[in-house]
Amino acid sequence: MSEPILENIRTRRVVREMTDEPVAREQIETILEAARWAPSGGNLRPNRYIVIQNPETRRLIRLVSPGMFQKAPALILICTNGDVLAEHSLPPTDRALLIDIGTAAQTIMLAAHALGLASGPVTSYSKEAVKVILNLPESYSPEMFICIGHKANTTKRGMTAWKKTSWRDLTHWERFPDA
Amino acid sequence: MSENWVLKEDEAIELLALLITSARIQMEEPAHYGPLRLLTATERLSSAIIERASEKSRDFLQANIERIPDMHMQMSDTDAYAAGLDELCRRVAETLLRHSPLPEDDS
């Protein structure tokens, strides 16, 4: 992995305050092209992406999303398409689906950061309300929003860490010793 | 108590949306998110009504708008978070007393 990619990974942050400045359509398309290359279990590609830029739609989405603190000019909703699961006899609880959502989300956020954009994931929303507002097909399950925009200049501090961690705190090498 | 109307119907529906969806998602989220959702509702309600609220409430509402976003960021410091909530509780009690003064003890 080249150093610019590592630097991109290190410097990306979850941004919760964004300006009203719109995100260019070409930038969103570049981000979605990157998401298409995210790893997918069995290469089944059950993810579907819905882009929301209409201000009133975004406002309504925010009203049923208690965890969406951003007023982002663009939202990308990652959905799982149940038709793909049915085609491959996969249950909706298959953990590969969660992995696909995670790899897509991180790829979207890194791509946004590479383009100089801010991003932040949101999972605290009512799935049922979002389905109604977006008139989603029955087979689509709305799994995660990624807010995309431009970082606001703010003096507000970010979320305080629960505990400072390094990669060493998170890692164990080889087999655990017997008790 | 004041009889001022301070909330428009759209604003009330928006607050209901926040409360109802919070109730649902809280079933699957960490317990400490409960206070977060209630405080978010407090901040939004304060923002919605401050322009039409009486002088008796305005300082309290302004403090909610200014302080609650910072409190969210302190969730990992349980003691500071609890202290911030206690301070809000004292302020709400003081505001209640301004709206409904209690009679002096004449015993």
# chains A, B, ... in the order shown; residues from 1 in each chain; ligands from 1
>>> residues_around(residues="range 98-107 of chain B", least_positions_apart="5", cutoff="12 Å", atoms="only C-alpha atoms", output="PyMOL selection string")
chain B and resi 1-4+53-60+91-93
>>> write_last_selection(atoms="all heavy atoms", output="CSV table (one decimal), in the first residue's frame")
chain,number,residue,atom,x,y,z
B,1,MET,N,-48.8,29.3,35.4
B,1,MET,CA,-48.0,29.0,34.2
B,1,MET,C,-48.4,29.9,33.1
B,1,MET,O,-49.6,30.3,33.0
B,1,MET,CB,-48.2,27.6,33.8
B,1,MET,CG,-47.7,26.5,34.8
B,1,MET,SD,-45.9,26.5,35.0
B,1,MET,CE,-45.5,25.4,33.6
B,2,SER,N,-47.5,30.2,32.2
B,2,SER,CA,-47.8,31.0,31.0
B,2,SER,C,-48.7,30.2,30.1
B,2,SER,O,-48.6,29.0,30.0
B,2,SER,CB,-46.5,31.3,30.3
B,2,SER,OG,-46.7,31.8,29.0
B,3,GLU,N,-49.6,31.0,29.3
B,3,GLU,CA,-50.4,30.3,28.4
B,3,GLU,C,-50.0,30.6,26.9
B,3,GLU,O,-50.8,30.4,26.0
B,3,GLU,CB,-51.9,30.7,28.6
B,3,GLU,CG,-52.4,30.2,30.0
B,3,GLU,CD,-53.8,30.5,30.2
B,3,GLU,OE1,-54.4,31.2,29.4
B,3,GLU,OE2,-54.4,30.0,31.2
B,4,ASN,N,-48.8,31.1,26.8
B,4,ASN,CA,-48.3,31.4,25.4
B,4,ASN,C,-48.3,30.1,24.6
B,4,ASN,O,-47.9,29.0,25.0
B,4,ASN,CB,-46.9,31.9,25.5
B,4,ASN,CG,-46.8,33.3,26.0
B,4,ASN,OD1,-47.8,34.0,26.1
B,4,ASN,ND2,-45.6,33.7,26.4
B,53,ALA,N,-40.9,32.2,23.3
B,53,ALA,CA,-41.0,31.9,24.7
B,53,ALA,C,-40.9,33.2,25.5
B,53,ALA,O,-40.4,34.2,25.0
B,53,ALA,CB,-39.9,31.0,25.2
B,54,SER,N,-41.4,33.2,26.8
B,54,SER,CA,-41.3,34.4,27.6
B,54,SER,C,-39.9,34.6,28.2
B,54,SER,O,-39.1,33.7,28.1
B,54,SER,CB,-42.3,34.3,28.7
B,54,SER,OG,-41.9,33.3,29.6
B,55,GLU,N,-39.7,35.8,28.7
B,55,GLU,CA,-38.4,36.1,29.3
B,55,GLU,C,-38.0,35.1,30.4
B,55,GLU,O,-36.9,34.8,30.7
B,55,GLU,CB,-38.4,37.5,29.9
B,55,GLU,CG,-38.2,38.6,28.8
B,55,GLU,CD,-36.9,38.5,28.1
B,55,GLU,OE1,-35.9,38.1,28.7
B,55,GLU,OE2,-36.9,38.8,26.9
B,56,LYS,N,-39.1,34.6,31.1
B,56,LYS,CA,-38.9,33.7,32.2
B,56,LYS,C,-38.1,32.4,31.8
B,56,LYS,O,-37.5,31.8,32.6
B,56,LYS,CB,-40.2,33.3,32.8
B,56,LYS,CG,-40.8,34.4,33.7
B,56,LYS,CD,-42.1,33.9,34.3
B,56,LYS,CE,-43.2,33.8,33.3
B,56,LYS,NZ,-44.6,33.7,33.9
B,57,SER,N,-38.3,32.0,30.5
B,57,SER,CA,-37.7,30.8,30.1
B,57,SER,C,-36.5,30.9,29.2
B,57,SER,O,-35.7,30.0,29.0
B,57,SER,CB,-38.7,30.0,29.2
B,57,SER,OG,-40.0,29.9,29.9
B,58,ARG,N,-36.3,32.1,28.7
B,58,ARG,CA,-35.3,32.3,27.6
B,58,ARG,C,-33.9,31.9,28.0
B,58,ARG,O,-33.2,31.2,27.2
B,58,ARG,CB,-35.4,33.7,27.0
B,58,ARG,CG,-35.5,33.6,25.5
B,58,ARG,CD,-35.8,34.9,24.9
B,58,ARG,NE,-37.2,34.9,24.5
B,58,ARG,CZ,-37.9,36.0,24.2
B,58,ARG,NH1,-37.3,37.2,24.3
B,58,ARG,NH2,-39.1,36.0,23.9
B,59,ASP,N,-33.4,32.3,29.1
B,59,ASP,CA,-32.0,31.9,29.5
B,59,ASP,C,-31.9,30.4,29.6
B,59,ASP,O,-30.8,29.9,29.2
B,59,ASP,CB,-31.7,32.5,30.9
B,59,ASP,CG,-31.4,34.0,30.8
B,59,ASP,OD1,-31.3,34.5,29.6
B,59,ASP,OD2,-31.3,34.7,31.8
B,60,PHE,N,-32.9,29.8,30.1
B,60,PHE,CA,-32.8,28.3,30.3
B,60,PHE,C,-32.8,27.7,28.9
B,60,PHE,O,-31.9,26.8,28.6
B,60,PHE,CB,-34.1,27.8,31.0
B,60,PHE,CG,-34.3,26.4,31.0
B,60,PHE,CD1,-33.4,25.5,31.6
B,60,PHE,CD2,-35.5,25.9,30.4
B,60,PHE,CE1,-33.7,24.1,31.5
B,60,PHE,CE2,-35.7,24.5,30.4
B,60,PHE,CZ,-34.8,23.6,30.9
B,91,ARG,N,-31.3,23.8,36.6
B,91,ARG,CA,-31.8,24.9,35.8
B,91,ARG,C,-33.3,24.7,35.5
B,91,ARG,O,-34.1,25.7,35.5
B,91,ARG,CB,-31.0,25.0,34.5
B,91,ARG,CG,-29.7,25.7,34.8
B,91,ARG,CD,-28.9,25.8,33.5
B,91,ARG,NE,-27.8,26.7,33.6
B,91,ARG,CZ,-27.8,27.9,33.3
B,91,ARG,NH1,-28.9,28.5,32.8
B,91,ARG,NH2,-26.8,28.7,33.4
B,92,VAL,N,-33.7,23.4,35.2
B,92,VAL,CA,-35.1,23.2,34.9
B,92,VAL,C,-36.0,23.5,36.1
B,92,VAL,O,-37.1,24.0,36.0
B,92,VAL,CB,-35.4,21.8,34.2
B,92,VAL,CG1,-35.4,20.7,35.2
B,92,VAL,CG2,-36.7,21.9,33.5
B,93,ALA,N,-35.5,23.1,37.3
B,93,ALA,CA,-36.2,23.3,38.5
B,93,ALA,C,-36.4,24.8,38.8
B,93,ALA,O,-37.5,25.3,39.2
B,93,ALA,CB,-35.5,22.7,39.7
>>> closest_atom_pairs(of="range 26-47 of chain B", to="range 58-73 of chain A", cutoff="12 Å", atoms="only C-alpha atoms", output="Markdown table")
| residue | atom | partner | partner_atom | distance |
| --- | --- | --- | --- | --- |
| B:Gln26 | CA | A:Pro66 | CA | 10.0 |
| B:Glu29 | CA | A:Gly67 | CA | 10.9 |
| B:Tyr33 | CA | A:Gly67 | CA | 9.6 |
| B:Gly34 | CA | A:Pro66 | CA | 10.9 |
| B:Leu36 | CA | A:Gly67 | CA | 9.3 |
| B:Arg37 | CA | A:Pro66 | CA | 6.8 |
| B:Leu38 | CA | A:Pro66 | CA | 9.9 |
| B:Leu39 | CA | A:Pro66 | CA | 10.8 |
| B:Thr40 | CA | A:Pro66 | CA | 7.8 |
| B:Ala41 | CA | A:Pro66 | CA | 8.8 |
| B:Glu43 | CA | A:Phe69 | CA | 11.8 |
| B:Arg44 | CA | A:Leu63 | CA | 10.8 |
>>> interface_residues(of="chain B", to="chain A", cutoff="12 Å", atoms="only C-alpha atoms", output="VMD selection string")
chain B and resid 10 to 30 33 to 34 36 to 41 43 to 44 66 to 78 80 to 81
>>> select_by_dssp(residues="chain A", states="strand (DSSP E or B)", output="PyMOL selection string")
chain A and resi 14+18+47-52+74-81+118-122+140-149+151
>>> residues_around(residues="Ala35 in chain A", least_positions_apart="2", cutoff="7 Å", atoms="only C-alpha atoms", output="ChimeraX atom specification")
/A:31-33,37-38,104,107-108
>>> atom_distance(atom1="CA of Arg10 in chain A", atom2="CA of Ala114 in chain A")
11.6 Å
>>> atom_distance(atom1="CA of Val122 in chain A", atom2="CA of Asp20 in chain A")
18.4 Å
>>> residues_around(residues="range 144-151 of chain A", least_positions_apart="2", cutoff="6 Å", atoms="only C-alpha atoms", output="ChimeraX atom specification")
/A:18-19,72-78,117-123
>>> write_last_selection(atoms="C-alpha atoms", output="mmCIF file, in the first residue's frame")
data_model
loop_
_atom_site.group_PDB
_atom_site.id
_atom_site.type_symbol
_atom_site.label_atom_id
_atom_site.label_comp_id
_atom_site.auth_asym_id
_atom_site.auth_seq_id
_atom_site.Cartn_x
_atom_site.Cartn_y
_atom_site.Cartn_z
ATOM 1 C CA MET A 18 -20.979 20.381 7.430
ATOM 2 C CA THR A 19 -21.649 23.492 5.358
ATOM 3 C CA ALA A 72 -25.209 17.166 4.883
ATOM 4 C CA PRO A 73 -25.821 18.321 1.296
ATOM 5 C CA ALA A 74 -25.624 14.740 0.041
ATOM 6 C CA LEU A 75 -26.532 11.377 1.514
ATOM 7 C CA ILE A 76 -25.565 7.974 0.206
ATOM 8 C CA LEU A 77 -27.785 5.230 1.574
ATOM 9 C CA ILE A 78 -26.282 1.750 1.470
ATOM 10 C CA LEU A 117 -14.827 16.002 1.127
ATOM 11 C CA ALA A 118 -16.062 15.299 4.654
ATOM 12 C CA SER A 119 -18.116 12.251 5.546
ATOM 13 C CA GLY A 120 -19.821 10.558 8.460
ATOM 14 C CA PRO A 121 -21.753 7.312 8.850
ATOM 15 C CA VAL A 122 -25.211 7.153 10.444
ATOM 16 C CA THR A 123 -26.998 3.989 11.554
#
